[in-house]
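final_29.csv follows (CSV, C-alpha atoms and all ligand atoms):
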chain,number,residue,atom,x,y,z
A,1,MET,CA,-46.5,1.9,-9.2
A,2,SER,CA,-49.2,-0.3,-10.6
A,3,ALA,CA,-49.0,-2.9,-13.4
A,4,ARG,CA,-45.5,-4.0,-12.6
A,5,PRO,CA,-44.3,-7.5,-12.1
A,6,GLY,CA,-42.6,-7.2,-8.6
A,7,LEU,CA,-43.9,-6.5,-5.1
A,8,TRP,CA,-42.7,-3.4,-3.2
A,9,VAL,CA,-43.0,-3.4,0.6
A,10,THR,CA,-41.8,-0.6,2.8
A,11,LEU,CA,-41.3,-0.5,6.6
A,12,GLU,CA,-41.9,2.6,8.5
A,13,GLY,CA,-41.8,3.7,12.2
A,14,GLY,CA,-39.9,5.8,14.6
A,15,ASP,CA,-36.3,5.2,15.6
A,16,GLY,CA,-36.1,2.1,17.7
A,17,SER,CA,-39.4,0.6,16.5
A,18,GLY,CA,-37.8,-2.6,15.3
A,19,LYS,CA,-38.0,-2.2,11.5
A,20,THR,CA,-34.7,-3.8,10.8
A,21,THR,CA,-35.5,-6.9,12.8
A,22,GLN,CA,-38.8,-7.3,10.9
A,23,ALA,CA,-37.2,-6.7,7.6
A,24,GLU,CA,-34.7,-9.5,8.4
A,25,LEU,CA,-37.4,-11.9,9.5
A,26,LEU,CA,-39.6,-11.2,6.5
A,27,GLY,CA,-36.7,-11.4,4.1
A,28,SER,CA,-35.6,-14.8,5.3
A,29,TRP,CA,-39.2,-16.1,5.2
A,30,LEU,CA,-39.7,-14.9,1.6
A,31,THR,CA,-36.2,-16.2,0.5
A,32,ASP,CA,-36.9,-19.6,2.1
A,33,ALA,CA,-40.2,-19.7,0.1
A,34,GLY,CA,-38.2,-19.3,-3.1
A,35,HIS,CA,-38.7,-15.6,-3.9
A,36,THR,CA,-35.9,-13.3,-5.0
A,37,VAL,CA,-35.8,-10.5,-2.4
A,38,LEU,CA,-33.9,-7.2,-2.6
A,39,ARG,CA,-33.3,-5.6,0.9
A,40,THR,CA,-32.7,-1.9,0.7
A,41,ARG,CA,-33.1,1.3,2.7
A,42,GLU,CA,-33.4,5.0,2.6
A,43,PRO,CA,-31.3,7.0,3.1
A,44,GLY,CA,-28.3,5.2,1.6
A,45,GLY,CA,-29.7,2.5,-0.7
A,46,SER,CA,-27.5,3.5,-3.6
A,47,ASP,CA,-23.9,4.7,-4.2
A,48,VAL,CA,-24.9,8.3,-4.4
A,49,GLY,CA,-27.3,7.7,-1.5
A,50,ARG,CA,-24.5,6.5,0.8
A,51,LEU,CA,-22.8,9.9,0.4
A,52,ILE,CA,-26.1,11.7,1.1
A,53,ARG,CA,-26.7,9.4,4.2
A,54,ASP,CA,-23.4,10.5,5.6
A,55,ILE,CA,-24.5,14.2,5.4
A,56,VAL,CA,-28.1,13.9,6.7
A,57,LEU,CA,-27.2,11.6,9.6
A,58,HIS,CA,-23.7,12.7,10.6
A,59,HIS,CA,-23.1,16.3,9.6
A,60,ARG,CA,-22.0,18.2,12.6
A,61,GLY,CA,-24.3,21.2,13.1
A,62,ASP,CA,-27.6,22.3,11.7
A,63,ILE,CA,-28.9,21.6,8.2
A,64,ALA,CA,-31.6,24.0,7.0
A,65,PRO,CA,-34.9,22.0,7.1
A,66,ARG,CA,-35.6,22.6,3.4
A,67,ALA,CA,-32.1,21.5,2.5
A,68,GLU,CA,-32.6,18.4,4.6
A,69,ALA,CA,-35.9,17.7,2.8
A,70,LEU,CA,-34.2,18.1,-0.6
A,71,LEU,CA,-31.3,15.8,0.4
A,72,TYR,CA,-33.7,13.0,1.4
A,73,ALA,CA,-35.6,13.6,-1.9
A,74,ALA,CA,-32.4,13.5,-3.9
A,75,ASP,CA,-31.4,10.2,-2.2
A,76,ARG,CA,-34.9,8.8,-3.0
A,77,ALA,CA,-34.9,9.9,-6.7
A,78,HIS,CA,-31.6,8.2,-7.4
A,79,HIS,CA,-32.5,5.1,-5.4
A,80,VAL,CA,-35.9,4.6,-7.1
A,81,GLU,CA,-34.5,5.0,-10.6
A,82,ASN,CA,-31.3,2.9,-10.1
A,83,VAL,CA,-32.3,0.3,-7.6
A,84,VAL,CA,-36.0,-0.1,-6.8
A,85,ARG,CA,-37.6,0.2,-10.3
A,86,PRO,CA,-35.1,-2.1,-12.0
A,87,ALA,CA,-35.6,-4.8,-9.3
A,88,LEU,CA,-39.4,-4.5,-9.6
A,89,ASP,CA,-39.1,-4.7,-13.4
A,90,ARG,CA,-37.2,-8.0,-12.9
A,91,GLY,CA,-40.1,-9.3,-10.8
A,92,GLU,CA,-38.3,-9.2,-7.5
A,93,ILE,CA,-39.7,-8.4,-4.1
A,94,VAL,CA,-38.2,-5.2,-2.8
A,95,LEU,CA,-38.2,-4.9,1.0
A,96,GLN,CA,-37.3,-1.4,2.0
A,97,ASP,CA,-36.5,0.2,5.3
A,98,ARG,CA,-38.2,3.7,5.1
A,99,TYR,CA,-39.6,5.7,2.1
A,100,LEU,CA,-41.5,8.9,1.5
A,101,ASP,CA,-43.7,8.5,4.6
A,102,SER,CA,-40.5,9.0,6.6
A,103,SER,CA,-40.0,12.4,4.9
A,104,VAL,CA,-43.6,13.5,5.5
A,105,ALA,CA,-43.3,12.4,9.2
A,106,TYR,CA,-39.7,13.6,10.0
A,107,GLN,CA,-39.3,16.7,7.7
A,108,GLY,CA,-43.0,17.5,7.6
A,109,ALA,CA,-44.2,17.1,11.2
A,110,GLY,CA,-40.8,16.8,12.8
A,111,ARG,CA,-39.2,19.9,11.2
A,112,VAL,CA,-42.6,21.5,10.8
A,113,LEU,CA,-42.6,21.9,7.0
A,114,ASP,CA,-45.8,21.5,5.0
A,115,GLY,CA,-46.5,17.7,4.8
A,116,THR,CA,-48.3,18.0,1.4
A,117,GLU,CA,-45.4,19.8,-0.1
A,118,ILE,CA,-43.0,17.3,1.3
A,119,ARG,CA,-45.0,14.4,-0.2
A,120,ASP,CA,-45.3,16.2,-3.5
A,121,LEU,CA,-41.6,16.8,-3.6
A,122,SER,CA,-41.0,13.0,-3.2
A,123,LEU,CA,-43.6,12.1,-5.7
A,124,TRP,CA,-41.9,14.5,-8.2
A,125,ALA,CA,-38.5,13.0,-7.4
A,126,THR,CA,-39.8,9.4,-8.1
A,127,GLU,CA,-42.3,10.1,-10.8
A,128,GLY,CA,-45.1,9.1,-8.5
A,129,ALA,CA,-43.7,5.8,-7.2
A,130,LEU,CA,-45.7,4.3,-4.3
A,131,PRO,CA,-45.2,1.0,-2.6
A,132,ASP,CA,-47.8,-1.9,-2.7
A,133,LEU,CA,-47.7,-2.2,1.1
A,134,THR,CA,-46.3,-0.1,3.9
A,135,VAL,CA,-45.9,-1.7,7.3
A,136,LEU,CA,-46.0,0.9,10.1
A,137,LEU,CA,-44.5,-0.3,13.4
A,138,ASP,CA,-46.1,2.1,15.9
A,139,LEU,CA,-44.4,2.7,19.2
A,140,ASP,CA,-44.7,5.2,22.0
A,141,PRO,CA,-41.5,7.5,21.7
A,142,ALA,CA,-40.7,6.9,25.4
A,143,ALA,CA,-40.5,3.1,24.9
A,144,ALA,CA,-38.5,3.6,21.7
A,145,ARG,CA,-36.0,5.8,23.6
A,146,GLN,CA,-35.5,3.1,26.2
A,147,ARG,CA,-34.7,0.6,23.4
A,148,LEU,CA,-32.2,3.0,21.8
A,149,ASP,CA,-30.6,3.7,25.2
A,150,SER,CA,-30.1,0.0,25.9
A,151,ALA,CA,-28.6,-0.6,22.4
A,152,ASP,CA,-25.7,1.6,23.6
A,153,LYS,CA,-24.9,3.1,20.2
A,154,PRO,CA,-24.3,6.9,19.6
A,155,PHE,CA,-27.4,8.7,18.4
A,156,ASP,CA,-27.5,10.1,14.9
A,157,ARG,CA,-28.8,13.6,14.2
A,158,LEU,CA,-32.5,12.6,14.0
A,159,GLU,CA,-32.4,10.2,16.9
A,160,ALA,CA,-30.9,12.9,19.1
A,161,GLU,CA,-34.0,15.1,18.6
A,162,LYS,CA,-36.2,15.7,21.7
A,163,GLN,CA,-39.2,13.7,22.7
A,164,ASP,CA,-41.8,16.2,21.3
A,165,PHE,CA,-40.1,15.9,17.8
A,166,HIS,CA,-40.6,12.1,18.0
A,167,THR,CA,-44.2,12.5,19.3
A,168,ARG,CA,-45.0,14.7,16.2
A,169,VAL,CA,-43.4,12.1,14.0
A,170,ARG,CA,-45.5,9.3,15.5
A,171,ASP,CA,-48.7,11.3,15.2
A,172,ALA,CA,-47.9,12.1,11.6
A,173,TYR,CA,-47.4,8.4,10.7
A,174,LEU,CA,-50.7,7.5,12.3
A,175,ALA,CA,-52.4,10.2,10.3
A,176,LEU,CA,-50.8,9.0,7.0
A,177,ALA,CA,-51.9,5.4,7.8
A,178,GLY,CA,-55.5,6.7,8.5
A,179,ALA,CA,-55.6,8.5,5.1
A,180,GLU,CA,-54.4,5.5,3.1
A,181,PRO,CA,-55.7,2.4,4.9
A,182,ASP,CA,-55.4,0.1,1.9
A,183,ARG,CA,-51.6,0.8,1.6
A,184,PHE,CA,-50.8,0.6,5.3
A,185,LEU,CA,-50.7,-2.2,7.8
A,186,VAL,CA,-50.3,-0.6,11.3
A,187,LEU,CA,-48.9,-2.8,14.1
A,188,ASP,CA,-48.2,-2.2,17.8
A,189,ALA,CA,-44.4,-2.5,17.9
A,190,ALA,CA,-44.6,-3.3,21.6
A,191,ALA,CA,-45.7,-6.8,20.6
A,192,SER,CA,-43.1,-9.6,20.4
A,193,PRO,CA,-40.9,-9.8,17.3
A,194,ASP,CA,-42.4,-13.2,16.4
A,195,SER,CA,-46.0,-12.1,16.6
A,196,LEU,CA,-45.2,-9.0,14.6
A,197,ALA,CA,-43.6,-11.2,12.0
A,198,GLU,CA,-46.6,-13.4,11.9
A,199,SER,CA,-49.0,-10.5,11.3
A,200,ILE,CA,-46.8,-9.2,8.5
A,201,ARG,CA,-46.7,-12.6,6.8
A,202,ALA,CA,-50.4,-12.9,7.0
A,203,ARG,CA,-50.9,-9.6,5.2
A,204,ILE,CA,-48.3,-10.3,2.5
A,205,ALA,CA,-49.2,-13.9,1.7
A,206,PRO,CA,-52.2,-12.9,-0.5
A,207,LEU,CA,-50.0,-10.5,-2.4
A,208,LEU,CA,-47.5,-13.1,-3.5
A,301,LIG,P1,-31.4,4.9,10.1
A,301,LIG,O1,-30.1,4.6,10.7
A,301,LIG,O2,-31.7,4.2,8.8
A,301,LIG,O3,-32.5,4.7,11.2
A,301,LIG,P2,-33.5,3.6,11.5
A,301,LIG,O4,-32.8,2.4,11.8
A,301,LIG,O5,-34.2,4.2,12.7
A,301,LIG,O6,-34.4,3.6,10.3
A,301,LIG,O7,-31.5,6.5,9.9
A,301,LIG,C1,-32.5,7.0,9.2
A,301,LIG,C2,-32.9,8.3,9.9
A,301,LIG,O8,-33.2,9.3,8.9
A,301,LIG,C3,-34.1,8.2,10.8
A,301,LIG,O9,-33.8,8.9,12.0
A,301,LIG,C4,-35.2,8.8,10.1
A,301,LIG,C5,-34.5,9.8,9.2
A,301,LIG,N1,-35.2,10.0,7.9
A,301,LIG,C6,-35.8,11.2,7.7
A,301,LIG,O10,-35.7,12.1,8.5
A,301,LIG,N2,-36.4,11.5,6.5
A,301,LIG,C7,-36.5,10.5,5.5
A,301,LIG,O11,-37.0,10.8,4.4
A,301,LIG,C8,-35.8,9.2,5.7
A,301,LIG,C9,-35.9,8.2,4.7
A,301,LIG,C10,-35.2,9.0,7.0

As structure tokens, the full file:
Amino acid sequence: MSARPGLWVTLEGGDGSGKTTQAELLGSWLTDAGHTVLRTREPGGSDVGRLIRDIVLHHRGDIAPRAEALLYAADRAHHVENVVRPALDRGEIVLQDRYLDSSVAYQGAGRVLDGTEIRDLSLWATEGALPDLTVLLDLDPAAARQRLDSADKPFDRLEAEKQDFHTRVRDAYLALAGAEPDRFLVLDAAASPDSLAESIRARIAPLL
């Protein structure tokens, strides 16, 4: 979305890559500097989205891959129209955990659907909305799995997928970043949280 007053930043990466920690650090830094920040996420950044989140993450049993793709796209359509666009129109900074790149990586490469069709579905759902900046926290799936194991929380449907699923997701993310280098900042998520936060701040500062 160009020619809008706010700034829209999305965070992407595999499960366990540290997106939430970075969103918290960046959110505090921006708020301390006097900006109005809206922290949100997909799936589940709206009232309808919370219902969809429960299905996609906690439904017992399989969901047909195309149905899963449509559920994420439905969440996204409602979220962008009711939460993201209004905040950007008010001139706020929207800091968002996951967006359409997650669908291309997880439903496209992970579930082996056509990545271009998945992207087009999301672009249709959101009338073409794209973030100003997407931070990709890139991490080897084996290292990510160790982090998730030590967090000692039950796995959701996607986290429980096997290693080769997560390897395809990672490779798809890197390909997306390679295709749109102006939108993406790719960071090695094995770095310390503080140094990652510093790199993200350096990239965002000129956009403020
Ligand atoms: P979440 O608990 O938000 O995980 P994380 O903290 O790792 O971001 O769960 C989101 C899960 O949903 C995550 O495994 C990725 C998956 N997902 C998709 O498969 N497609 C999508 O379009 C989105 C937004 C998320």

Range 88-156 of chain A residues near range 19-38 of chain A within 12 Å, closest pair each, using only C-alpha atoms, as JSON lines:
{"residue": "A:Leu88", "atom": "CA", "partner": "A:Leu38", "partner_atom": "CA", "distance": 9.3}
{"residue": "A:Arg90", "atom": "CA", "partner": "A:Thr36", "partner_atom": "CA", "distance": 9.6}
{"residue": "A:Gly91", "atom": "CA", "partner": "A:Thr36", "partner_atom": "CA", "distance": 8.2}
{"residue": "A:Glu92", "atom": "CA", "partner": "A:Thr36", "partner_atom": "CA", "distance": 5.4}
{"residue": "A:Ile93", "atom": "CA", "partner": "A:Val37", "partner_atom": "CA", "distance": 4.7}
{"residue": "A:Val94", "atom": "CA", "partner": "A:Leu38", "partner_atom": "CA", "distance": 4.7}
{"residue": "A:Leu95", "atom": "CA", "partner": "A:Leu38", "partner_atom": "CA", "distance": 6.1}
{"residue": "A:Gln96", "atom": "CA", "partner": "A:Ala23", "partner_atom": "CA", "distance": 7.7}
{"residue": "A:Asp97", "atom": "CA", "partner": "A:Lys19", "partner_atom": "CA", "distance": 6.8}
{"residue": "A:Arg98", "atom": "CA", "partner": "A:Lys19", "partner_atom": "CA", "distance": 8.7}
{"residue": "A:Thr134", "atom": "CA", "partner": "A:Lys19", "partner_atom": "CA", "distance": 11.4}
{"residue": "A:Val135", "atom": "CA", "partner": "A:Lys19", "partner_atom": "CA", "distance": 9.0}
{"residue": "A:Leu136", "atom": "CA", "partner": "A:Lys19", "partner_atom": "CA", "distance": 8.7}
{"residue": "A:Leu137", "atom": "CA", "partner": "A:Lys19", "partner_atom": "CA", "distance": 7.0}
{"residue": "A:Asp138", "atom": "CA", "partner": "A:Lys19", "partner_atom": "CA", "distance": 10.2}
{"residue": "A:Leu139", "atom": "CA", "partner": "A:Lys19", "partner_atom": "CA", "distance": 11.1}
{"residue": "A:Ala144", "atom": "CA", "partner": "A:Lys19", "partner_atom": "CA", "distance": 11.7}

field: Protein and nucleic acid residues within 7 Å of ligand LIG 301 (chain A) (all atoms listed in the file) as a ChimeraX atom specification
entry: /A:14-16,19-20,41-43,57,72,97-100,102-103,106-107,158-159

message: Given all atoms listed in the file as the basis, pick out the residue of A:Gly110, A:Pro86, A:Pro154, A:Gly45 nearest to Ala69 in chain A.
response: A:Gly110

message: Applying 8 Å and only C-alpha atoms, which residues near Val56 in chain A remain after dropping the ones on its own chain fewer than 5 positions away? List them as number ranges by chain.
response: A: 63, 68, 71-72, 157

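The closest residue to Asp62 in chain A, picked from A:Ala74, A:Glu81, A:Leu113, A:Glu161 and counting only C-alpha atoms, is A:Glu161.
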
- request: Record the distance separating CA of Ile52 in chain A and CA of Tyr173 in chain A, expressed in Å with one decimal.
  value: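 Straight-line distance from CA of Ile52 in chain A to CA of Tyr173 in chain A works out to 23.6 Å.
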
- line: Min atom-atom distance to Ala191 in chain A from the set A:Leu133, A:Leu121, A:Ala143, A:Ile55, counting all atoms listed in the file, belongs to A:Ala143

field: Point-to-point distance in Å for CA of Leu187 in chain A and CA of Ala172 in chain A
entry: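 If I compute the distance from CA of Ala172 in chain A to CA of Leu187 in chain A, I get 15.1 Å.
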
query: Quick one: distance from CA of Val169 in chain A to CA of Ala109 in chain A in Å, one decimal?
result: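 Here the two named atoms are 5.8 Å from each other.
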
- prompt: Using only C-alpha atoms, which of the listed residues (A:Asp164, A:Asp101, A:Glu198, A:Asp171) sits closest to Leu130 in chain A?
  reply: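 Looking at the shortest contact to Leu130 in chain A, the residue is A:Asp101.
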
- request: Using only C-alpha atoms, determine which residues lie at most 10 Å from Gly128 in chain A, disregarding the query and same-chain residues fewer than 5 positions distant; provide the list as a list of chain:residue names.
  value: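 Near Gly128 in chain A, the qualifying residues are A:Met1, A:Arg119, A:Asp120, A:Leu121, A:Ser122, A:Leu123.
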